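S.K.: Following this line is data18.cif, made up of mmCIF, C-alpha atoms:
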data_input
loop_
_atom_site.label_atom_id
_atom_site.label_comp_id
_atom_site.auth_asym_id
_atom_site.auth_seq_id
_atom_site.Cartn_x
_atom_site.Cartn_y
_atom_site.Cartn_z
CA MET L 1 13.10 76.67 -50.53
CA ALA L 2 11.92 73.05 -50.71
CA THR L 3 8.85 73.25 -48.44
CA PRO L 4 5.52 72.12 -49.89
CA VAL L 5 3.89 74.73 -52.06
CA ALA L 6 0.36 75.93 -52.58
CA PRO L 7 -1.10 75.48 -56.06
CA ARG L 8 -0.19 78.11 -58.56
CA ARG L 9 -2.53 81.12 -58.34
CA ALA L 10 -4.16 82.90 -61.25
CA THR L 11 -1.70 85.76 -60.80
CA GLY L 12 1.03 83.63 -62.23
CA PHE L 13 3.14 84.08 -59.12
CA ARG L 14 4.85 81.09 -57.55
CA TYR L 15 4.27 80.60 -53.84
CA VAL L 16 6.68 78.95 -51.42
CA ALA L 17 5.22 78.46 -47.93
CA GLY L 18 2.52 80.98 -48.84
CA VAL L 19 4.97 83.69 -49.89
CA PRO L 20 5.04 84.75 -53.53
CA VAL L 21 8.37 84.19 -55.22
CA ASP L 22 9.62 87.14 -57.21
CA PRO L 23 11.52 85.62 -60.13
CA ARG L 24 13.63 88.77 -60.37
CA GLN L 25 14.91 88.25 -56.83
CA VAL L 26 15.78 84.64 -57.62
CA VAL L 27 17.75 85.74 -60.66
CA GLU L 28 19.52 88.54 -58.75
CA ALA L 29 20.49 86.03 -56.03
CA TYR L 30 21.69 83.57 -58.68
CA TRP L 31 24.08 86.10 -60.23
CA ALA L 32 25.23 87.40 -56.85
CA ALA L 33 26.13 83.83 -55.82
CA ALA L 34 27.92 83.20 -59.12
CA ASP L 35 29.93 86.41 -58.92
CA ALA L 36 30.87 85.59 -55.30
CA ARG L 37 31.82 81.98 -56.23
CA ASP L 38 29.38 80.91 -53.51
CA TRP L 39 28.61 77.60 -55.19
CA GLU L 40 26.60 76.31 -52.24
CA ALA L 41 24.20 79.26 -52.45
CA PHE L 42 24.26 78.96 -56.24
CA ALA L 43 23.31 75.27 -56.19
CA ALA L 44 20.57 75.91 -53.63
CA LEU L 45 18.79 78.17 -56.13
CA VAL L 46 18.49 75.54 -58.85
CA ALA L 47 16.25 72.49 -58.97
CA ALA L 48 17.74 69.01 -58.51
CA ASP L 49 16.74 68.23 -62.10
CA VAL L 50 17.73 71.61 -63.56
CA VAL L 51 18.34 71.72 -67.31
CA TYR L 52 20.77 74.29 -68.70
CA GLU L 53 20.93 74.84 -72.46
CA VAL L 54 23.11 76.91 -74.77
CA PRO L 55 21.08 77.11 -77.99
CA GLN L 56 24.00 78.56 -79.96
CA THR L 57 26.27 75.54 -79.32
CA ARG L 58 23.49 73.00 -78.75
CA GLU L 59 25.01 72.12 -75.39
CA ARG L 60 22.94 70.85 -72.47
CA VAL L 61 23.80 70.20 -68.82
CA ARG L 62 21.44 68.17 -66.66
CA GLY L 63 21.19 68.10 -62.88
CA ARG L 64 22.20 70.33 -60.00
CA GLU L 65 25.62 68.79 -59.34
CA ALA L 66 26.75 68.81 -62.97
CA TYR L 67 25.48 72.35 -63.34
CA ARG L 68 27.27 73.51 -60.19
CA ARG L 69 30.52 71.98 -61.50
CA PHE L 70 29.98 73.47 -64.96
CA ASN L 71 29.95 76.93 -63.39
CA ALA L 72 32.53 76.37 -60.64
CA GLU L 73 35.00 74.99 -63.23
CA TYR L 74 34.44 77.83 -65.70
CA PRO L 75 37.94 79.05 -66.48
CA GLY L 76 39.34 82.54 -66.11
CA ASP L 77 39.14 85.36 -63.61
CA TRP L 78 35.67 86.41 -64.70
CA SER L 79 33.16 88.71 -63.06
CA VAL L 80 29.51 89.29 -63.84
CA THR L 81 27.34 92.39 -63.43
CA VAL L 82 23.58 92.44 -63.86
CA GLU L 83 22.47 95.06 -66.38
CA ARG L 84 18.76 94.28 -66.51
CA VAL L 85 16.32 91.70 -65.15
CA ILE L 86 12.72 91.27 -66.27
CA GLY L 87 10.56 88.73 -64.49
CA ALA L 88 6.91 87.77 -64.17
CA GLY L 89 5.19 84.67 -62.85
CA SER L 90 7.51 81.71 -63.29
CA GLU L 91 9.75 83.32 -65.90
CA ALA L 92 12.58 85.81 -65.99
CA VAL L 93 15.39 87.00 -68.21
CA SER L 94 18.70 88.60 -67.34
CA TRP L 95 21.00 90.79 -69.38
CA THR L 96 24.47 90.60 -67.87
CA ARG L 97 27.90 92.05 -68.51
CA PHE L 98 30.53 89.35 -68.26
CA GLU L 99 34.17 90.42 -67.98
CA VAL L 100 37.04 88.01 -68.39
CA GLY L 101 40.68 88.71 -69.26
CA GLY L 102 39.96 92.29 -70.35
CA GLU L 103 37.18 91.13 -72.68
CA VAL L 104 33.58 92.20 -72.13
CA MET L 105 30.76 89.91 -73.24
CA THR L 106 26.99 90.20 -73.08
CA GLY L 107 25.03 87.32 -71.60
CA LEU L 108 21.28 86.93 -72.08
CA CYS L 109 19.69 84.18 -70.04
CA PHE L 110 16.07 83.02 -69.88
CA PHE L 111 14.97 81.34 -66.65
CA VAL L 112 11.95 79.18 -65.81
CA LEU L 113 11.15 78.51 -62.15
CA ASP L 114 9.45 75.39 -60.85
CA ASP L 115 6.66 75.20 -58.26
CA ASP L 116 9.24 75.41 -55.45
CA GLY L 117 10.56 78.72 -56.80
CA LEU L 118 13.77 76.99 -57.90
CA ILE L 119 15.40 77.50 -61.28
CA ALA L 120 14.34 74.53 -63.38
CA HIS L 121 15.43 75.61 -66.86
CA LEU L 122 17.92 78.07 -68.32
CA SER L 123 18.45 79.07 -71.96
CA ASP L 124 21.73 80.93 -72.13
CA PHE L 125 22.74 83.15 -75.08
CA TRP L 126 26.05 84.87 -75.82
CA PRO L 127 25.57 87.27 -78.75
CA GLU L 128 28.85 88.38 -80.29
CA PRO L 129 29.72 91.47 -82.34
CA TYR L 130 29.24 91.28 -86.10
CA ASP L 131 29.52 93.65 -89.04
CA PRO L 132 26.32 95.45 -89.99
CA PRO L 133 24.82 94.33 -93.29
CA PRO L 134 25.08 96.85 -96.11
CA GLY L 135 22.14 98.83 -97.51
CA ARG L 136 20.74 100.52 -94.43
CA GLU L 137 23.31 103.20 -93.82
CA HIS L 138 20.78 105.88 -94.77
CA LEU L 139 18.67 105.02 -91.71
CA VAL L 140 21.36 104.10 -89.20
CA GLU L 141 23.99 105.80 -87.08
CA ARG L 142 26.88 103.96 -85.41
CA TRP L 143 28.30 104.29 -81.93
CA MET I 1 -2.80 105.19 -77.67
CA ALA I 2 -1.83 108.85 -77.37
CA THR I 3 -4.47 110.05 -74.93
CA PRO I 4 -3.26 111.74 -71.72
CA VAL I 5 -2.10 109.29 -69.11
CA ALA I 6 -2.42 109.01 -65.37
CA PRO I 7 0.81 109.11 -63.34
CA ARG I 8 2.63 105.84 -63.04
CA ARG I 9 1.32 103.73 -60.15
CA ALA I 10 3.43 101.91 -57.60
CA THR I 11 2.55 98.61 -59.29
CA GLY I 12 4.93 99.44 -62.08
CA PHE I 13 2.15 99.14 -64.65
CA ARG I 14 1.71 101.84 -67.26
CA TYR I 15 -1.76 103.29 -67.59
CA VAL I 16 -3.30 104.69 -70.75
CA ALA I 17 -6.68 106.36 -70.17
CA GLY I 18 -6.86 104.54 -66.83
CA VAL I 19 -6.29 101.09 -68.32
CA PRO I 20 -3.09 99.24 -67.39
CA VAL I 21 -0.88 98.47 -70.37
CA ASP I 22 0.37 94.90 -70.46
CA PRO I 23 3.83 95.11 -72.02
CA ARG I 24 3.48 91.55 -73.27
CA GLN I 25 0.41 92.49 -75.30
CA VAL I 26 2.27 95.45 -76.81
CA VAL I 27 5.13 93.17 -77.83
CA GLU I 28 2.77 90.53 -79.24
CA ALA I 29 1.01 93.24 -81.28
CA TYR I 30 4.36 94.57 -82.47
CA TRP I 31 5.46 91.21 -83.85
CA ALA I 32 2.02 90.47 -85.32
CA ALA I 33 2.15 93.78 -87.21
CA ALA I 34 5.69 93.11 -88.41
CA ASP I 35 4.89 89.61 -89.61
CA ALA I 36 1.79 90.95 -91.43
CA ARG I 37 3.79 93.83 -92.97
CA ASP I 38 1.19 96.13 -91.46
CA TRP I 39 3.58 99.06 -91.17
CA GLU I 40 0.86 101.47 -90.13
CA ALA I 41 -0.06 99.35 -87.11
CA PHE I 42 3.63 98.74 -86.47
CA ALA I 43 4.48 102.45 -86.44
CA ALA I 44 1.50 103.21 -84.19
CA LEU I 45 3.01 101.00 -81.47
CA VAL I 46 6.28 102.91 -81.24
CA ALA I 47 6.95 106.35 -79.81
CA ALA I 48 7.66 109.31 -82.11
CA ASP I 49 11.17 109.48 -80.63
CA VAL I 50 11.76 105.72 -80.52
CA VAL I 51 15.38 104.58 -80.33
CA TYR I 52 16.33 101.19 -81.76
CA GLU I 53 19.77 99.76 -81.03
CA VAL I 54 21.69 96.69 -82.17
CA PRO I 55 24.44 96.32 -79.55
CA GLN I 56 26.30 93.71 -81.60
CA THR I 57 26.81 96.04 -84.59
CA ARG I 58 26.61 99.33 -82.65
CA GLU I 59 23.84 100.50 -84.97
CA ARG I 60 21.14 102.93 -83.87
CA VAL I 61 17.96 104.14 -85.57
CA ARG I 62 16.14 107.19 -84.21
CA GLY I 63 12.54 108.18 -84.73
CA ARG I 64 9.31 106.49 -85.78
CA GLU I 65 9.56 107.13 -89.50
CA ALA I 66 13.17 105.98 -89.85
CA TYR I 67 12.37 102.93 -87.76
CA ARG I 68 9.28 102.09 -89.82
CA ARG I 69 11.38 102.31 -93.00
CA PHE I 70 14.21 100.28 -91.44
CA ASN I 71 11.75 97.43 -90.93
CA ALA I 72 9.64 97.88 -94.07
CA GLU I 73 12.80 97.88 -96.22
CA TYR I 74 14.29 94.82 -94.54
CA PRO I 75 15.17 92.53 -97.45
CA GLY I 76 14.04 88.98 -98.06
CA ASP I 77 10.86 86.97 -97.71
CA TRP I 78 11.16 86.70 -93.95
CA SER I 79 8.62 85.62 -91.34
CA VAL I 80 8.73 85.91 -87.59
CA THR I 81 7.20 83.70 -84.88
CA VAL I 82 7.11 84.59 -81.20
CA GLU I 83 8.63 81.86 -79.05
CA ARG I 84 8.48 83.58 -75.66
CA VAL I 85 7.57 86.97 -74.19
CA ILE I 86 8.28 88.10 -70.64
CA GLY I 87 6.99 91.48 -69.53
CA ALA I 88 6.46 93.46 -66.35
CA GLY I 89 5.84 97.12 -65.66
CA SER I 90 7.37 99.14 -68.46
CA GLU I 91 9.71 96.42 -69.73
CA ALA I 92 9.48 93.30 -71.84
CA VAL I 93 11.65 90.91 -73.78
CA SER I 94 10.82 88.71 -76.74
CA TRP I 95 12.47 85.55 -78.04
CA THR I 96 11.54 85.13 -81.67
CA ARG I 97 12.18 82.68 -84.48
CA PHE I 98 13.04 84.53 -87.67
CA GLU I 99 12.96 82.60 -90.93
CA VAL I 100 14.40 83.96 -94.16
CA GLY I 101 15.53 82.10 -97.26
CA GLY I 102 15.48 78.72 -95.54
CA GLU I 103 17.64 80.02 -92.70
CA VAL I 104 16.35 80.15 -89.12
CA MET I 105 17.67 82.81 -86.77
CA THR I 106 16.94 83.60 -83.13
CA GLY I 107 16.06 87.18 -82.23
CA LEU I 108 16.13 88.47 -78.66
CA CYS I 109 14.73 91.95 -78.19
CA PHE I 110 14.42 94.05 -75.03
CA PHE I 111 11.65 96.66 -75.01
CA VAL I 112 11.05 99.71 -72.81
CA LEU I 113 7.65 101.41 -72.91
CA ASP I 114 7.05 105.08 -72.28
CA ASP I 115 4.28 106.63 -70.18
CA ASP I 116 1.90 106.39 -73.15
CA GLY I 117 2.41 102.63 -73.37
CA LEU I 118 4.36 103.08 -76.60
CA ILE I 119 7.66 101.38 -77.38
CA ALA I 120 10.34 103.96 -76.63
CA HIS I 121 13.50 101.84 -76.75
CA LEU I 122 14.55 98.53 -78.26
CA SER I 123 17.80 96.61 -77.79
CA ASP I 124 17.89 93.92 -80.46
CA PHE I 125 20.22 90.89 -80.31
CA TRP I 126 20.89 88.21 -82.92
CA PRO I 127 22.95 85.43 -81.31
CA GLU I 128 24.55 83.13 -83.88
CA PRO I 129 25.76 79.53 -83.60
CA TYR I 130 29.34 78.96 -82.44
CA ASP I 131 31.53 75.99 -81.57
CA PRO I 132 31.51 74.96 -77.90
CA PRO I 133 34.76 75.66 -76.08
CA PRO I 134 36.80 72.56 -75.19
CA GLY I 135 37.19 71.22 -71.65
CA ARG I 136 33.62 70.75 -70.53
CA GLU I 137 32.64 67.66 -72.49
CA HIS I 138 32.47 65.64 -69.24
CA LEU I 139 29.50 67.74 -68.07
CA VAL I 140 27.73 68.46 -71.35
CA GLU I 141 25.59 66.63 -73.87
CA ARG I 142 24.90 67.93 -77.38
CA TRP I 143 21.69 68.05 -79.34
#
As structure tokens, what does this structure read like?
M.R.:
Amino acid sequence: MATPVAPRRATGFRYVAGVPVDPRQVVEAYWAAADARDWEAFAALVAADVVYEVPQTRERVRGREAYRRFNAEYPGDWSVTVERVIGAGSEAVSWTRFEVGGEVMTGLCFFVLDDDGLIAHLSDFWPEPYDPPPGREHLVERW
Amino acid sequence: MATPVAPRRATGFRYVAGVPVDPRQVVEAYWAAADARDWEAFAALVAADVVYEVPQTRERVRGREAYRRFNAEYPGDWSVTVERVIGAGSEAVSWTRFEVGGEVMTGLCFFVLDDDGLIAHLSDFWPEPYDPPPGREHLVERW
């Protein structure tokens, strides 16, 4: 993945060794590696200077090795399933279902790829359930 | 926007009267109409049988008129700014900054377009701040 790259084309696609990088495939491979605990494959998908951010907690992890450890050390017998991926050019987003200890969480992660097709930046969100505000019951159903 | 459409092409793009619909432009127009309180333009971008869902509260709104009212009646002197839009084929996602009463919230919304290029489904998330879990301070910085 680290071969020299052609300049970015007007299509917005990233090229590695002349082959366009589909950001959706990168994100699918990223989650497959995570779910398989294949931390070598996982680390190979991210840039050496990757930056991972959790806007909700204002946490940031810098660098491939710290980011690999951050994930490899994540506690619990979790599993992750990809619900939806949208990608175009150098950007993508994933909607995942994260299961740990009988709990199900939703993960929403925005990815930016660098010119090598590697993941250079992640913004990771974990929206949690909350009670609906009052006053809109006349327009809303619940499930 | 409601003229007959050609069948969906293999590119994944939606066509309306032979012109490909860029889902990012639809989403940008949607947020511009919302921020301007132009509820006529807003309603014209969504399908008659639009379904809006808030997975965190398990709320659902069905139909263009109910959805227009849901938004038009939303309380407070709010404003919305688009931070990021990713779109491809019939799908898109927006990351918005929502300001109301001095508070800033992050909105993440997934869109699905129908064959007319109209917004047929929305999954709307509002991730809120939370305290970081302990045990990863050695890998994380805060901002």
S.K.: Could you list, as a ChimeraX atom specification, the residues of chain I having an atom within 8 Å of chain L when counting only C-alpha atoms?
M.R.: /I:55-62,66-67,69-70,86-88,91-93,125-132,136,139-143
S.K.: Do you have the atom CA of I:Arg37-atom CA of I:Gly101 distance handy?
M.R.: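 Atom CA of I:Gly101 lies at a distance of 17.1 Å from atom CA of I:Arg37.
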S.K.: Which residue out of L:Ala29, L:Arg64, L:Arg24, L:Gly117 has the minimum interatomic distance to L:Val50 when all atoms listed in the file are used?
M.R.: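 Counting all atoms listed in the file, the residue closest to L:Val50 is L:Arg64.
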S.K.: Run the PyMOL selection byres ((chain L and resi 99) around 9) mentally over the shown coordinates, then write out the matched residues as a CSV table (one decimal) with C-alpha atoms, in the coordinates of the input, using the chain letters and numbers from the document.
M.R.:
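Writing the result to out-v5.csv gives the following:
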chain,number,residue,atom,x,y,z
L,77,ASP,CA,39.1,85.4,-63.6
L,78,TRP,CA,35.7,86.4,-64.7
L,79,SER,CA,33.2,88.7,-63.1
L,80,VAL,CA,29.5,89.3,-63.8
L,81,THR,CA,27.3,92.4,-63.4
L,97,ARG,CA,27.9,92.0,-68.5
L,98,PHE,CA,30.5,89.4,-68.3
L,100,VAL,CA,37.0,88.0,-68.4
L,101,GLY,CA,40.7,88.7,-69.3
L,102,GLY,CA,40.0,92.3,-70.4
L,103,GLU,CA,37.2,91.1,-72.7
L,104,VAL,CA,33.6,92.2,-72.1
L,105,MET,CA,30.8,89.9,-73.2
L,106,THR,CA,27.0,90.2,-73.1
S.K.: What does the distance between atom CA of I:Leu45 and atom CA of I:Gly76 come to in Å, to one decimal place?
M.R.: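 That distance, rounded to one decimal, is 23.3 Å.
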S.K.: How many Å lie between atom CA of I:Val51 and atom CA of L:Ser123, rounded to one decimal?
M.R.: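 Value for the atom CA of I:Val51-atom CA of L:Ser123 distance: 27.0 Å.
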S.K.: Would you kindly identify which residues have an atom no farther than 8 Å from (8.1, 100.3, -75.1), using all atoms listed in the file and the file's own coordinates, and write them out as a list in words?
M.R.: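 Output: Pro23, Val26, Val46, Ala47, Ser90, Glu91, Ala92, Phe111, Val112, Leu113, Asp114, Gly117, Leu118, Ile119, Ala120, His121 and Leu122 of chain I.
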S.K.: Could you tell me which of I:Asp115, I:Asp49, I:Asp35, I:Glu83 comes closest to I:Tyr15 if we count all atoms listed in the file?
M.R.: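 The shortest atom-to-atom distance to I:Tyr15 comes from I:Asp115.
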S.K.: Please return stretch 96-107 of chain I, rebuilt to all heavy atoms, as a PDB file, in the coordinates of the input.
M.R.:
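Everything below was put into rebuild-v7.pdb:
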ATOM      1  N   THR I  96      12.240  85.429 -80.430  1.00  0.00           N
ATOM      2  CA  THR I  96      11.540  85.130 -81.670  1.00  0.00           C
ATOM      3  C   THR I  96      12.348  84.199 -82.566  1.00  0.00           C
ATOM      4  O   THR I  96      13.576  84.107 -82.460  1.00  0.00           O
ATOM      5  CB  THR I  96      11.215  86.413 -82.465  1.00  0.00           C
ATOM      6  OG1 THR I  96      12.419  87.126 -82.714  1.00  0.00           O
ATOM      7  CG2 THR I  96      10.224  87.293 -81.721  1.00  0.00           C
ATOM      8  N   ARG I  97      11.613  83.546 -83.439  1.00  0.00           N
ATOM      9  CA  ARG I  97      12.180  82.680 -84.480  1.00  0.00           C
ATOM     10  C   ARG I  97      11.964  83.403 -85.802  1.00  0.00           C
ATOM     11  O   ARG I  97      10.830  83.678 -86.203  1.00  0.00           O
ATOM     12  CB  ARG I  97      11.445  81.351 -84.454  1.00  0.00           C
ATOM     13  CG  ARG I  97      11.818  80.382 -85.556  1.00  0.00           C
ATOM     14  CD  ARG I  97      10.863  79.182 -85.476  1.00  0.00           C
ATOM     15  NE  ARG I  97      10.972  78.335 -86.645  1.00  0.00           N
ATOM     16  CZ  ARG I  97      11.785  77.290 -86.728  1.00  0.00           C
ATOM     17  NH1 ARG I  97      12.520  76.947 -85.707  1.00  0.00           N
ATOM     18  NH2 ARG I  97      11.846  76.577 -87.849  1.00  0.00           N
ATOM     19  N   PHE I  98      13.064  83.708 -86.459  1.00  0.00           N
ATOM     20  CA  PHE I  98      13.040  84.530 -87.670  1.00  0.00           C
ATOM     21  C   PHE I  98      13.507  83.644 -88.808  1.00  0.00           C
ATOM     22  O   PHE I  98      14.620  83.127 -88.790  1.00  0.00           O
ATOM     23  CB  PHE I  98      13.996  85.702 -87.447  1.00  0.00           C
ATOM     24  CG  PHE I  98      13.881  86.824 -88.425  1.00  0.00           C
ATOM     25  CD1 PHE I  98      12.929  87.829 -88.259  1.00  0.00           C
ATOM     26  CD2 PHE I  98      14.733  86.899 -89.509  1.00  0.00           C
ATOM     27  CE1 PHE I  98      12.840  88.881 -89.157  1.00  0.00           C
ATOM     28  CE2 PHE I  98      14.648  87.944 -90.427  1.00  0.00           C
ATOM     29  CZ  PHE I  98      13.701  88.938 -90.241  1.00  0.00           C
ATOM     30  N   GLU I  99      12.631  83.457 -89.802  1.00  0.00           N
ATOM     31  CA  GLU I  99      12.960  82.600 -90.930  1.00  0.00           C
ATOM     32  C   GLU I  99      13.093  83.434 -92.189  1.00  0.00           C
ATOM     33  O   GLU I  99      12.213  84.234 -92.524  1.00  0.00           O
ATOM     34  CB  GLU I  99      11.877  81.538 -91.144  1.00  0.00           C
ATOM     35  CG  GLU I  99      11.788  80.557 -89.986  1.00  0.00           C
ATOM     36  CD  GLU I  99      10.891  79.363 -90.305  1.00  0.00           C
ATOM     37  OE1 GLU I  99      11.117  78.721 -91.359  1.00  0.00           O
ATOM     38  OE2 GLU I  99       9.965  79.117 -89.515  1.00  0.00           O
ATOM     39  N   VAL I 100      14.199  83.240 -92.899  1.00  0.00           N
ATOM     40  CA  VAL I 100      14.400  83.960 -94.160  1.00  0.00           C
ATOM     41  C   VAL I 100      15.276  83.106 -95.070  1.00  0.00           C
ATOM     42  O   VAL I 100      16.346  82.632 -94.664  1.00  0.00           O
ATOM     43  CB  VAL I 100      15.020  85.364 -93.928  1.00  0.00           C
ATOM     44  CG1 VAL I 100      16.346  85.311 -93.190  1.00  0.00           C
ATOM     45  CG2 VAL I 100      15.155  86.131 -95.230  1.00  0.00           C
ATOM     46  N   GLY I 101      14.768  82.854 -96.278  1.00  0.00           N
ATOM     47  CA  GLY I 101      15.530  82.100 -97.260  1.00  0.00           C
ATOM     48  C   GLY I 101      15.975  80.738 -96.779  1.00  0.00           C
ATOM     49  O   GLY I 101      17.093  80.321 -97.060  1.00  0.00           O
ATOM     50  N   GLY I 102      15.124  80.050 -96.030  1.00  0.00           N
ATOM     51  CA  GLY I 102      15.480  78.720 -95.540  1.00  0.00           C
ATOM     52  C   GLY I 102      16.347  78.734 -94.297  1.00  0.00           C
ATOM     53  O   GLY I 102      16.603  77.691 -93.703  1.00  0.00           O
ATOM     54  N   GLU I 103      16.818  79.912 -93.907  1.00  0.00           N
ATOM     55  CA  GLU I 103      17.640  80.020 -92.700  1.00  0.00           C
ATOM     56  C   GLU I 103      16.749  80.377 -91.514  1.00  0.00           C
ATOM     57  O   GLU I 103      15.785  81.138 -91.658  1.00  0.00           O
ATOM     58  CB  GLU I 103      18.707  81.103 -92.897  1.00  0.00           C
ATOM     59  CG  GLU I 103      19.812  81.069 -91.853  1.00  0.00           C
ATOM     60  CD  GLU I 103      20.797  82.238 -91.999  1.00  0.00           C
ATOM     61  OE1 GLU I 103      20.640  83.041 -92.939  1.00  0.00           O
ATOM     62  OE2 GLU I 103      21.694  82.329 -91.156  1.00  0.00           O
ATOM     63  N   VAL I 104      17.080  79.828 -90.358  1.00  0.00           N
ATOM     64  CA  VAL I 104      16.350  80.150 -89.120  1.00  0.00           C
ATOM     65  C   VAL I 104      17.297  80.884 -88.177  1.00  0.00           C
ATOM     66  O   VAL I 104      18.392  80.406 -87.900  1.00  0.00           O
ATOM     67  CB  VAL I 104      15.802  78.884 -88.446  1.00  0.00           C
ATOM     68  CG1 VAL I 104      15.127  79.236 -87.123  1.00  0.00           C
ATOM     69  CG2 VAL I 104      14.826  78.169 -89.364  1.00  0.00           C
ATOM     70  N   MET I 105      16.873  82.043 -87.717  1.00  0.00           N
ATOM     71  CA  MET I 105      17.670  82.810 -86.770  1.00  0.00           C
ATOM     72  C   MET I 105      16.861  83.045 -85.501  1.00  0.00           C
ATOM     73  O   MET I 105      15.625  83.037 -85.529  1.00  0.00           O
ATOM     74  CB  MET I 105      18.085  84.151 -87.375  1.00  0.00           C
ATOM     75  CG  MET I 105      19.085  83.991 -88.521  1.00  0.00           C
ATOM     76  SD  MET I 105      19.675  85.586 -89.143  1.00  0.00           S
ATOM     77  CE  MET I 105      18.186  86.197 -89.952  1.00  0.00           C
ATOM     78  N   THR I 106      17.568  83.256 -84.403  1.00  0.00           N
ATOM     79  CA  THR I 106      16.940  83.600 -83.130  1.00  0.00           C
ATOM     80  C   THR I 106      17.118  85.092 -82.889  1.00  0.00           C
ATOM     81  O   THR I 106      18.234  85.605 -82.980  1.00  0.00           O
ATOM     82  CB  THR I 106      17.587  82.805 -81.980  1.00  0.00           C
ATOM     83  OG1 THR I 106      17.346  81.421 -82.191  1.00  0.00           O
ATOM     84  CG2 THR I 106      17.014  83.233 -80.630  1.00  0.00           C
ATOM     85  N   GLY I 107      16.013  85.774 -82.584  1.00  0.00           N
ATOM     86  CA  GLY I 107      16.060  87.180 -82.230  1.00  0.00           C
ATOM     87  C   GLY I 107      15.656  87.369 -80.777  1.00  0.00           C
ATOM     88  O   GLY I 107      14.661  86.792 -80.324  1.00  0.00           O
TER      89      GLY I 107
END
